[in-house]
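Here is protein01.cif, consisting of mmCIF, C-alpha atoms and all ligand atoms:
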```cif
data_run
#
loop_
_atom_site.label_atom_id
_atom_site.label_comp_id
_atom_site.auth_asym_id
_atom_site.auth_seq_id
_atom_site.Cartn_x
_atom_site.Cartn_y
_atom_site.Cartn_z
CA MET A 49 -7.75 -33.84 -25.13
CA GLN A 50 -3.97 -33.98 -24.58
CA VAL A 51 -2.26 -31.12 -26.36
CA THR A 52 1.15 -32.10 -27.58
CA GLY A 53 3.90 -29.84 -28.74
CA LEU A 54 4.55 -27.89 -25.55
CA GLN A 55 8.19 -28.93 -25.68
CA GLU A 56 8.50 -27.83 -29.29
CA PHE A 57 6.84 -24.52 -28.55
CA LEU A 58 9.07 -23.88 -25.56
CA GLU A 59 12.08 -24.46 -27.79
CA ARG A 60 10.71 -21.98 -30.31
CA ILE A 61 10.22 -19.41 -27.56
CA GLU A 62 13.73 -20.06 -26.34
CA GLU A 63 15.21 -19.03 -29.74
CA ASN A 64 15.64 -15.24 -29.86
CA LYS A 65 13.74 -14.85 -26.66
CA GLY A 66 15.48 -11.57 -25.97
CA ASP A 67 15.76 -10.32 -22.41
CA ALA A 68 12.46 -11.59 -21.03
CA VAL A 69 9.40 -13.68 -21.90
CA ILE A 70 5.99 -12.38 -20.87
CA ALA A 71 2.79 -14.42 -21.07
CA LEU A 72 -0.58 -12.80 -21.82
CA ALA A 73 -3.36 -14.76 -20.16
CA GLY A 74 -7.00 -14.15 -19.36
CA ASN A 75 -10.60 -15.23 -19.81
CA PRO A 76 -11.87 -15.52 -23.39
CA ASN A 77 -12.50 -12.23 -25.20
CA THR A 78 -10.88 -9.86 -22.72
CA GLY A 79 -8.58 -8.23 -25.29
CA LYS A 80 -5.37 -10.25 -24.93
CA SER A 81 -4.72 -10.34 -28.67
CA THR A 82 -5.52 -6.63 -28.94
CA VAL A 83 -2.90 -5.90 -26.26
CA PHE A 84 -0.52 -8.28 -28.03
CA ASN A 85 -1.01 -6.64 -31.43
CA SER A 86 -0.70 -3.12 -30.06
CA LEU A 87 2.52 -3.89 -28.20
CA THR A 88 4.22 -5.99 -30.85
CA GLY A 89 2.79 -4.43 -33.97
CA LEU A 90 2.42 -7.95 -35.33
CA ASN A 91 -0.88 -8.92 -36.74
CA GLN A 92 -1.43 -12.56 -35.88
CA HIS A 93 -5.14 -13.20 -36.16
CA THR A 94 -4.49 -15.98 -38.61
CA GLY A 95 -5.25 -19.48 -37.24
CA ASN A 96 -8.11 -21.53 -38.55
CA TRP A 97 -10.45 -19.95 -36.01
CA PRO A 98 -10.71 -16.30 -37.07
CA GLY A 99 -10.80 -13.92 -34.15
CA LYS A 100 -9.98 -16.57 -31.63
CA THR A 101 -6.56 -17.47 -30.36
CA VAL A 102 -6.19 -21.23 -30.47
CA VAL A 103 -2.47 -21.50 -30.92
CA PHE A 104 0.38 -19.75 -29.25
CA ALA A 105 1.47 -16.55 -30.90
CA LYS A 106 4.82 -14.99 -30.22
CA GLY A 107 5.88 -11.39 -30.86
CA SER A 108 8.31 -8.87 -29.50
CA TYR A 109 8.82 -5.23 -28.59
CA ARG A 110 11.62 -3.08 -27.27
CA TYR A 111 11.32 -0.92 -24.17
CA LYS A 112 14.11 0.87 -22.28
CA LYS A 113 16.78 -1.05 -24.20
CA LYS A 114 15.27 -4.44 -23.40
CA ASN A 115 13.87 -6.87 -25.95
CA ILE A 116 10.69 -8.39 -24.65
CA THR A 117 9.05 -11.51 -26.08
CA LEU A 118 5.28 -11.61 -25.64
CA VAL A 119 3.29 -14.83 -25.82
CA ASP A 120 -0.43 -14.46 -26.58
CA LEU A 121 -2.37 -17.34 -25.03
CA PRO A 122 -5.87 -18.64 -25.77
CA GLY A 123 -8.63 -17.58 -23.40
CA ALA A 124 -9.20 -19.68 -20.29
CA TYR A 125 -11.71 -19.56 -17.45
CA SER A 126 -9.62 -21.81 -15.31
CA LEU A 127 -6.19 -23.36 -15.07
CA LEU A 128 -7.86 -26.68 -14.35
CA ALA A 129 -8.07 -26.88 -18.10
CA ASN A 130 -11.21 -28.47 -19.41
CA SER A 131 -10.59 -27.69 -23.08
CA ALA A 132 -7.60 -27.85 -25.40
CA ASP A 133 -7.43 -24.02 -25.34
CA GLU A 134 -7.29 -23.93 -21.59
CA GLN A 135 -4.69 -26.64 -21.52
CA VAL A 136 -2.42 -24.67 -23.84
CA ALA A 137 -2.75 -21.62 -21.59
CA ARG A 138 -2.25 -23.62 -18.44
CA ASP A 139 0.77 -25.55 -19.63
CA PHE A 140 2.55 -22.41 -20.72
CA ILE A 141 1.87 -20.48 -17.52
CA CYS A 142 2.73 -23.44 -15.30
CA PHE A 143 5.64 -24.98 -17.15
CA GLY A 144 6.85 -22.36 -19.64
CA LYS A 145 8.44 -20.28 -16.88
CA PRO A 146 7.62 -16.84 -18.28
CA ASP A 147 9.44 -14.01 -16.49
CA ALA A 148 6.05 -12.48 -15.76
CA THR A 149 2.42 -13.20 -16.61
CA VAL A 150 0.04 -10.39 -17.50
CA VAL A 151 -3.54 -11.38 -16.76
CA VAL A 152 -5.86 -9.35 -18.96
CA VAL A 153 -9.27 -8.99 -17.31
CA ASP A 154 -12.57 -7.49 -18.43
CA ALA A 155 -13.34 -4.46 -16.27
CA THR A 156 -17.08 -5.05 -16.67
CA CYS A 157 -16.99 -8.49 -15.05
CA LEU A 158 -14.12 -8.45 -12.60
CA GLU A 159 -15.77 -10.94 -10.25
CA ARG A 160 -15.57 -13.63 -12.87
CA ASN A 161 -12.19 -12.63 -14.23
CA LEU A 162 -10.37 -12.41 -10.91
CA ASN A 163 -10.79 -16.15 -10.43
CA LEU A 164 -8.21 -16.86 -13.11
CA ALA A 165 -6.00 -14.03 -11.84
CA LEU A 166 -5.94 -15.64 -8.38
CA GLN A 167 -5.10 -19.01 -9.91
CA VAL A 168 -2.16 -17.48 -11.77
CA MET A 169 -1.00 -15.70 -8.61
CA GLU A 170 -1.04 -19.06 -6.87
CA ILE A 171 1.56 -20.33 -9.35
CA THR A 172 3.77 -17.30 -9.72
CA PRO A 173 4.24 -14.05 -7.81
CA GLN A 174 5.36 -12.42 -11.07
CA THR A 175 1.83 -11.43 -12.02
CA ILE A 176 0.50 -8.13 -13.38
CA LEU A 177 -3.21 -7.40 -13.65
CA CYS A 178 -4.23 -5.51 -16.80
CA VAL A 179 -7.80 -4.27 -16.30
CA ASN A 180 -8.94 -3.80 -19.88
CA LEU A 181 -12.17 -2.48 -21.41
CA ILE A 182 -12.42 0.33 -18.88
CA ASP A 183 -14.25 2.34 -21.59
CA GLU A 184 -17.03 -0.26 -21.41
CA ALA A 185 -17.04 -0.13 -17.61
CA LYS A 186 -17.39 3.66 -17.74
CA ARG A 187 -20.20 3.36 -20.23
CA LYS A 188 -21.96 1.06 -17.80
CA LYS A 189 -21.29 3.56 -15.02
CA MET A 190 -19.12 1.17 -13.07
CA ALA A 191 -16.50 2.76 -10.84
CA ILE A 192 -13.39 0.73 -10.12
CA ASP A 193 -10.94 1.58 -7.35
CA PHE A 194 -7.71 0.44 -9.01
CA SER A 195 -5.37 1.24 -6.15
CA LYS A 196 -7.54 -0.62 -3.68
CA LEU A 197 -7.58 -3.57 -6.06
CA ALA A 198 -3.77 -3.45 -6.22
CA ASP A 199 -3.59 -3.35 -2.42
CA LEU A 200 -5.96 -6.26 -2.04
CA LEU A 201 -4.22 -8.41 -4.61
CA GLY A 202 -0.63 -7.41 -3.89
CA VAL A 203 0.26 -7.12 -7.59
CA PRO A 204 0.38 -4.13 -9.99
CA VAL A 205 -2.96 -3.17 -11.51
CA ILE A 206 -2.93 -1.32 -14.84
CA PRO A 207 -6.16 0.08 -16.34
CA THR A 208 -6.27 -0.01 -20.15
CA VAL A 209 -8.40 0.51 -23.23
CA ALA A 210 -6.32 -1.73 -25.48
CA ARG A 211 -8.40 -1.02 -28.58
CA ASP A 212 -7.52 2.68 -28.31
CA LYS A 213 -3.97 2.03 -27.06
CA VAL A 214 -4.75 3.69 -23.73
CA GLY A 215 -2.60 2.58 -20.78
CA LEU A 216 -0.24 0.40 -22.79
CA LEU A 217 2.80 2.52 -21.93
CA ASP A 218 1.96 2.04 -18.24
CA LEU A 219 1.73 -1.68 -18.89
CA LYS A 220 5.18 -1.75 -20.53
CA GLU A 221 6.60 0.23 -17.63
CA SER A 222 5.03 -2.12 -15.10
CA ILE A 223 6.43 -5.18 -16.88
CA HIS A 224 9.84 -3.49 -16.93
CA ARG A 225 9.75 -2.81 -13.20
CA VAL A 226 8.65 -6.30 -12.29
CA VAL A 227 11.19 -8.04 -14.50
CA PHE A 228 14.23 -5.77 -14.51
CA GLU A 229 13.94 -3.61 -11.45
CA LYS A 230 12.90 -6.57 -9.33
CA GLN A 231 9.89 -4.77 -7.92
CA LEU A 232 8.89 -6.94 -4.99
CA LEU A 233 5.45 -8.45 -5.44
CA GLN A 234 3.55 -10.08 -2.63
CA PRO A 235 0.44 -11.54 -4.14
CA ARG A 236 -2.30 -12.28 -1.68
CA ARG A 237 -2.12 -15.92 -0.78
CA ILE A 238 -5.32 -17.91 -0.68
CA VAL A 239 -5.63 -19.70 2.62
CA TYR A 240 -7.79 -22.80 2.46
CA ASN A 241 -9.68 -24.45 5.27
CA LYS A 242 -7.84 -26.30 8.05
CA VAL A 243 -8.22 -29.73 6.50
CA ILE A 244 -6.66 -28.62 3.24
CA GLU A 245 -3.95 -26.50 4.83
CA SER A 246 -2.82 -29.33 7.08
CA ALA A 247 -2.83 -31.73 4.13
CA ILE A 248 -0.63 -29.30 2.22
CA GLU A 249 1.69 -29.02 5.18
CA LYS A 250 1.97 -32.79 5.40
CA ILE A 251 3.12 -33.30 1.83
CA GLN A 252 4.79 -30.03 0.92
CA GLU A 253 8.21 -30.96 2.23
CA GLU A 254 8.33 -34.15 0.19
CA VAL A 255 6.98 -32.30 -2.82
CA GLU A 256 9.78 -29.77 -2.40
CA VAL A 257 12.35 -32.59 -2.63
CA LEU A 258 10.64 -33.87 -5.76
CA VAL A 259 10.42 -30.56 -7.62
CA HIS A 260 13.64 -29.07 -6.22
CA GLY A 261 12.81 -25.49 -7.02
CA SER A 262 11.67 -25.99 -10.61
CA LEU A 263 7.99 -25.60 -9.66
CA ASN A 264 6.12 -23.95 -6.80
CA SER A 265 5.75 -26.74 -4.23
CA ARG A 266 2.57 -25.38 -2.62
CA TRP A 267 0.92 -25.28 -6.02
CA VAL A 268 2.06 -28.83 -6.86
CA ALA A 269 0.83 -30.04 -3.45
CA LEU A 270 -2.59 -28.52 -4.17
CA ARG A 271 -2.79 -30.22 -7.55
CA LEU A 272 -1.84 -33.58 -6.05
CA LEU A 273 -4.68 -33.08 -3.56
CA ASP A 274 -7.09 -32.17 -6.40
CA GLY A 275 -6.14 -35.45 -8.04
CA ASP A 276 -6.61 -34.33 -11.65
CA PRO A 277 -4.58 -36.92 -13.60
CA THR A 278 -3.95 -34.70 -16.66
CA ILE A 279 -2.24 -31.99 -14.68
CA ILE A 280 -0.35 -34.43 -12.48
CA ARG A 281 0.97 -36.11 -15.62
CA GLU A 282 2.10 -32.71 -16.95
CA ILE A 283 3.83 -31.92 -13.67
CA PHE A 284 5.92 -35.09 -13.87
CA ASN A 285 6.51 -34.62 -17.60
CA HIS A 286 7.87 -31.21 -16.75
CA LEU A 287 10.15 -32.60 -14.06
CA GLN A 288 11.45 -35.18 -16.55
CA ARG A 289 12.14 -32.44 -19.10
CA MET A 290 14.03 -30.45 -16.48
CA ASP A 291 16.08 -33.43 -15.37
CA PRO A 292 15.80 -36.55 -17.56
CA GLY A 293 18.03 -38.49 -15.16
CA ASP A 294 15.71 -37.96 -12.20
CA GLN A 295 14.52 -41.44 -11.22
CA GLN A 296 11.91 -40.21 -8.77
CA SER A 297 9.87 -38.24 -11.31
CA LYS A 298 10.34 -41.06 -13.84
CA ARG A 299 8.80 -43.52 -11.37
CA ALA A 300 6.02 -41.09 -10.48
CA LEU A 301 5.23 -40.58 -14.16
CA LYS A 302 4.99 -44.33 -14.62
CA VAL A 303 2.56 -44.61 -11.71
CA VAL A 304 0.36 -41.89 -13.24
CA GLU A 305 0.48 -43.53 -16.69
CA ASP A 306 -0.46 -46.90 -15.19
CA CYS A 307 -3.43 -45.36 -13.44
CA GLY A 308 -4.57 -44.04 -16.84
CA MET B 89 -41.96 -21.46 -7.28
CA LEU B 90 -40.45 -18.36 -5.64
CA ASP B 91 -39.08 -19.85 -2.44
CA GLN B 92 -38.32 -23.22 -3.84
CA VAL B 93 -34.84 -24.52 -4.31
CA PHE B 94 -34.48 -26.69 -7.39
CA ALA B 95 -31.92 -27.84 -9.94
CA LEU B 96 -30.75 -25.26 -12.50
CA THR B 97 -31.78 -27.71 -15.25
CA TYR B 98 -35.41 -26.76 -14.60
CA LEU B 99 -34.97 -22.97 -14.71
CA PRO B 100 -37.26 -21.76 -17.54
CA ILE B 101 -35.63 -19.87 -20.41
CA GLY B 102 -35.63 -16.13 -19.72
CA ARG B 103 -35.78 -16.48 -15.93
CA LYS B 104 -33.13 -15.52 -13.41
CA ALA B 105 -32.13 -17.40 -10.30
CA GLN B 106 -29.57 -17.27 -7.54
CA VAL B 107 -27.12 -20.10 -7.04
CA ILE B 108 -27.65 -21.65 -3.62
CA LYS B 109 -25.36 -24.63 -3.69
CA VAL B 110 -23.17 -26.72 -5.98
CA GLY B 111 -23.92 -30.27 -4.99
CA THR B 112 -21.23 -32.37 -6.57
CA GLU B 113 -17.68 -33.18 -5.49
CA GLY B 114 -14.27 -33.31 -7.10
CA LEU B 115 -13.18 -31.99 -10.46
CA ILE B 116 -16.67 -31.31 -11.81
CA ARG B 117 -17.36 -29.14 -8.77
CA ASN B 118 -14.10 -27.23 -9.28
CA ARG B 119 -14.98 -26.74 -12.90
CA LEU B 120 -18.47 -25.38 -12.17
CA LEU B 121 -17.10 -23.00 -9.54
CA ASP B 122 -14.43 -21.80 -11.97
CA LEU B 123 -17.11 -21.11 -14.55
CA GLY B 124 -18.74 -18.76 -12.04
CA PHE B 125 -21.45 -20.98 -10.54
CA VAL B 126 -20.68 -19.99 -6.97
CA PRO B 127 -23.26 -19.52 -4.22
CA SER B 128 -25.03 -16.12 -4.44
CA ALA B 129 -24.19 -15.62 -8.14
CA ILE B 130 -27.13 -14.71 -10.39
CA VAL B 131 -27.72 -17.00 -13.36
CA GLU B 132 -30.12 -16.57 -16.27
CA ALA B 133 -31.26 -19.30 -18.64
CA ILE B 134 -30.71 -17.90 -22.15
CA ARG B 135 -31.60 -20.60 -24.64
CA LYS B 136 -31.79 -24.29 -25.33
CA SER B 137 -29.84 -26.02 -28.04
CA PRO B 138 -32.03 -27.69 -30.69
CA ALA B 139 -31.80 -31.01 -28.84
CA GLY B 140 -32.78 -29.33 -25.56
CA ASP B 141 -29.40 -30.12 -24.02
CA PRO B 142 -27.03 -28.31 -23.43
CA ILE B 143 -28.62 -25.09 -22.22
CA ALA B 144 -26.85 -21.71 -22.39
CA TYR B 145 -26.73 -19.61 -19.24
CA ARG B 146 -25.59 -16.06 -18.58
CA ILE B 147 -23.47 -16.04 -15.45
CA ARG B 148 -21.22 -13.24 -14.20
CA GLY B 149 -20.99 -11.55 -17.59
CA ALA B 150 -20.30 -14.61 -19.75
CA VAL B 151 -22.50 -17.10 -21.59
CA ILE B 152 -21.73 -20.68 -20.61
CA ALA B 153 -23.39 -23.85 -21.92
CA LEU B 154 -24.00 -26.67 -19.47
CA ARG B 155 -25.14 -30.20 -20.10
CA SER B 156 -28.02 -31.38 -17.97
CA GLU B 157 -25.78 -33.71 -15.96
CA GLU B 158 -23.84 -30.58 -14.93
CA SER B 159 -26.76 -28.20 -14.37
CA ARG B 160 -28.47 -30.88 -12.29
CA GLN B 161 -25.74 -30.43 -9.67
CA ILE B 162 -26.50 -26.73 -9.18
CA GLN B 163 -29.27 -25.78 -6.76
CA VAL B 164 -30.92 -22.41 -7.40
CA ARG B 165 -33.80 -20.21 -6.23
CA VAL B 166 -35.73 -17.96 -8.62
CA VAL B 167 -35.17 -14.24 -8.06
CA ASP B 168 -37.31 -12.44 -10.65
N1 LIG C 1 -14.46 -1.40 -26.10
C1 LIG C 1 -13.29 -2.06 -26.08
N2 LIG C 1 -13.14 -3.13 -26.87
C2 LIG C 1 -11.96 -3.79 -26.83
C3 LIG C 1 -10.90 -3.37 -25.99
N3 LIG C 1 -9.86 -4.22 -26.16
C4 LIG C 1 -10.27 -5.13 -27.07
N4 LIG C 1 -11.52 -4.89 -27.48
C5 LIG C 1 -12.33 -5.66 -28.43
O1 LIG C 1 -12.68 -6.89 -27.81
C6 LIG C 1 -12.78 -7.94 -28.78
C7 LIG C 1 -11.94 -9.14 -28.36
O2 LIG C 1 -10.57 -8.79 -28.40
P1 LIG C 1 -9.40 -9.86 -28.55
O3 LIG C 1 -8.14 -9.11 -28.43
O4 LIG C 1 -9.57 -10.72 -29.75
O5 LIG C 1 -9.67 -10.76 -27.25
P2 LIG C 1 -8.86 -12.04 -26.77
O6 LIG C 1 -8.77 -11.95 -25.30
O7 LIG C 1 -7.59 -12.19 -27.51
O8 LIG C 1 -9.87 -13.21 -27.16
P3 LIG C 1 -9.56 -14.81 -27.16
O9 LIG C 1 -8.19 -15.02 -27.70
O10 LIG C 1 -10.63 -15.40 -28.02
O11 LIG C 1 -9.70 -15.26 -25.75
C8 LIG C 1 -12.31 -7.33 -30.09
O12 LIG C 1 -13.48 -6.98 -30.82
C9 LIG C 1 -11.57 -6.07 -29.68
O13 LIG C 1 -11.61 -5.05 -30.65
C10 LIG C 1 -11.11 -2.21 -25.16
O14 LIG C 1 -10.26 -1.79 -24.37
N5 LIG C 1 -12.32 -1.60 -25.25
MG MG C 2 -6.85 -13.83 -28.51
#
```
Turn this file's structure into structure tokens for me.
Ligand SMILES: Nc1nc2c(ncn2[C@@H]2O[C@H](COP(=O)(O)OP(=O)(O)OP(=O)(O)O)[C@@H](O)[C@H]2O)c(=O)[nH]1
Ligand SMILES: [Mg+2]
Amino acid sequence: MQVTGLQEFLERIEENKGDAVIALAGNPNTGKSTVFNSLTGLNQHTGNWPGKTVVFAKGSYRYKKKNITLVDLPGAYSLLANSADEQVARDFICFGKPDATVVVVDATCLERNLNLALQVMEITPQTILCVNLIDEAKRKKMAIDFSKLADLLGVPVIPTVARDKVGLLDLKESIHRVVFEKQLLQPRRIVYNKVIESAIEKIQEEVEVLVHGSLNSRWVALRLLDGDPTIIREIFNHLQRMDPGDQQSKRALKVVEDCG
Amino acid sequence: MLDQVFALTYLPIGRKAQVIKVGTEGLIRNRLLDLGFVPSAIVEAIRKSPAGDPIAYRIRGAVIALRSEESRQIQVRVVD
């Protein structure tokens, strides 16, 4: 299930990346590609799976004199990545270092969708929540308190109807503020039970030395505790990419490879 | 069967139940929780694949197929 080519894709993003790179993430079928197409004007529903994003797509738009590169990611329920699609999304959000990640959620099933949003917020504070399909929510007579949601999550919340291009200007403005006006975001941090928190505390300092700022050490500590070998391998691959001379990550990678 | 707690695998097609507990540990447990199988969530058995396994469930606004070794880990109680 290993998806190769992250490195190559990151290099492609790096060319003409403009002033900022923004990732579009979210559960399957929440309207990510619709947002992407409306903002970039590029039609990219081409892959071998019509209507479904299985590869990265890259596009760009200009707003307030800045050139923004958007990356449309395949749908994912989880960053634990059980499928190739989810792995593509996870690897880009975790290791692609986008300047911000917009999580597109379905207004009619927020409960489900917020799980991924919280996982993204655990990796990066630069998160914006785009609550799409609010026309459907209205049709189902669901009332959503967007400002309360923003307060609870600690990140901007933008309601949209991407299919009708409603709210997309607000989304561009929000991205602009987060990236260029350094709007301070304080995403709600998930506090785990005592056992987990004290385990994190025990290893976080050493993890910090290992990742030296190129990844979020709390997030890496959590993944080491999860013990999922595919993501641990990617973490050390990433550290090797960042600093090929780093002996510590090289050794760690070898340990992971040897464990299979 | 109203008050009984049993494995999701045995929920008849068309019936709804509430998730009581996810019994397994480790990555499979994380995965099931991420798919929305959290305690108190309502799950409905939608249809069986031709072979009878996997079974498709509606959970929190999405349709998710589970193999019996996964659905066996989820304890539910019928609600309708
Ligand atoms: N009613 C309504 N439909 C929408 C809205 N936004 C998108 N859609 C529709 O939702 C469907 C899915 O949209 P996509 O943009 O392909 O969703 P996606 O998130 O890219 O899907 P995956 O890449 O497969 O995960 C399409 O039929 C869109 O026309 C909206 O705001 N309201
Ligand atoms: Mg798409």
Open item on the list: For a quick check of understanding, using all atoms listed in the file, which of A:Glu62, A:Glu229, A:Asp183, A:Glu305 has the smallest distance to ligand LIG 1 (chain C)?
Closed with: A:Asp183
TODO: For ligand LIG 1 (chain C), collect every residue having any atom at a distance of at most 7 Å from a ligand atom (counting all atoms listed in the file); output as a list in words.
DONE: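 Here is the list of contacting residues: Gly74, Asn75, Pro76, Asn77, Thr78, Gly79, Lys80, Ser81, Thr82, Val83, Gly99, Lys100, Thr101, Leu121, Pro122, Gly123, Asn180, Leu181, Ile182, Asp183, Glu184, Thr208, Val209, Ala210, Arg211 and Asp212 of chain A.
The residue set within 12 Å of Ser137 (chain B), counting all atoms listed in the file and dropping same-chain residues fewer than 3 places from it, reads Ile101, Ala133, Ile134, Gly140, Asp141, Pro142, Ile143, Ala144, Tyr145, Ala153, Leu154, Arg155 and Ser156 of chain B.
Neighbours of Val166 (chain B) closer than or equal to 12 Å, with all atoms listed in the file counted and sequence neighbours fewer than 2 positions away skipped, come out as Met89, Leu90, Asp91, Gln92, Val93, Phe94, Ala95, Leu96, Tyr98, Leu99, Pro100, Ile101, Gly102, Arg103, Lys104, Ala105, Gln106, Val107, Ile108, Ser128, Ala129, Ile130, Val131, Glu132, Ala133, Gln163, Val164 and Asp168 of chain B.
The chain B residues that come within 6 Å of chain A are Asp122, Arg148 and Gly149 of chain B, with all atoms listed in the file taken into account.
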TODO: Enter the distance from CA of Asp147 (chain A) to CA of Glu134 (chain A), in Å, rounded to one decimal.
DONE: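 Between CA of Asp147 (chain A) and CA of Glu134 (chain A) the gap works out to 20.1 Å.
We find CA of Asn264 (chain A) and CA of Glu170 (chain A) to be spaced 8.7 Å apart.
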Task: Surrounding residues of Ile61 (chain A) excluding itself and chain neighbours under 3 positions, 12 Å, all atoms listed in the file, as a ChimeraX atom specification - done: /A:54-58,64-71,104-108,116-120,140,144-146
Open item on the list: One number please: CA of Leu197 (chain A) to CA of Trp267 (chain A), in Å, one decimal.
Closed with: 23.3 Å
TODO: May I have the residues within 12 Å of Ser262 (chain A) as an MDAnalysis selection string, using all atoms listed in the file and disregarding those fewer than 4 positions away in the same chain?
DONE: chainID A and resid 142:145 171:172 255:258 267:268 283:284 286:291
Residue selection dump (C-alpha atoms) as a short mmCIF file (atom, residue, chain, number, x, y, z; two decimals), keeping the file's coordinate frame:
```cif
data_model
loop_
_atom_site.label_atom_id
_atom_site.label_comp_id
_atom_site.auth_asym_id
_atom_site.auth_seq_id
_atom_site.Cartn_x
_atom_site.Cartn_y
_atom_site.Cartn_z
CA CYS A 142 2.73 -23.44 -15.30
CA PHE A 143 5.64 -24.98 -17.15
CA GLY A 144 6.85 -22.36 -19.64
CA LYS A 145 8.44 -20.28 -16.88
CA ILE A 171 1.56 -20.33 -9.35
CA THR A 172 3.77 -17.30 -9.72
CA VAL A 255 6.98 -32.30 -2.82
CA GLU A 256 9.78 -29.77 -2.40
CA VAL A 257 12.35 -32.59 -2.63
CA LEU A 258 10.64 -33.87 -5.76
CA TRP A 267 0.92 -25.28 -6.02
CA VAL A 268 2.06 -28.83 -6.86
CA ILE A 283 3.83 -31.92 -13.67
CA PHE A 284 5.92 -35.09 -13.87
CA HIS A 286 7.87 -31.21 -16.75
CA LEU A 287 10.15 -32.60 -14.06
CA GLN A 288 11.45 -35.18 -16.55
CA ARG A 289 12.14 -32.44 -19.10
CA MET A 290 14.03 -30.45 -16.48
CA ASP A 291 16.08 -33.43 -15.37
#
```
TODO: Rank A:Arg110, A:Leu72, A:His260, A:Arg60 by their smallest atom-to-atom distance to ligand MG 2 (chain C), using only C-alpha atoms and all ligand atoms, and report the top residue only.
DONE: A:Leu72
Task: Nearest to ligand MG 2 (chain C), chosen from A:Val152, A:Leu201, A:Leu216, A:Val179, with all atoms listed in the file counted in the distances - done: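 The answer is A:Val152, which sits nearest to ligand MG 2 (chain C).
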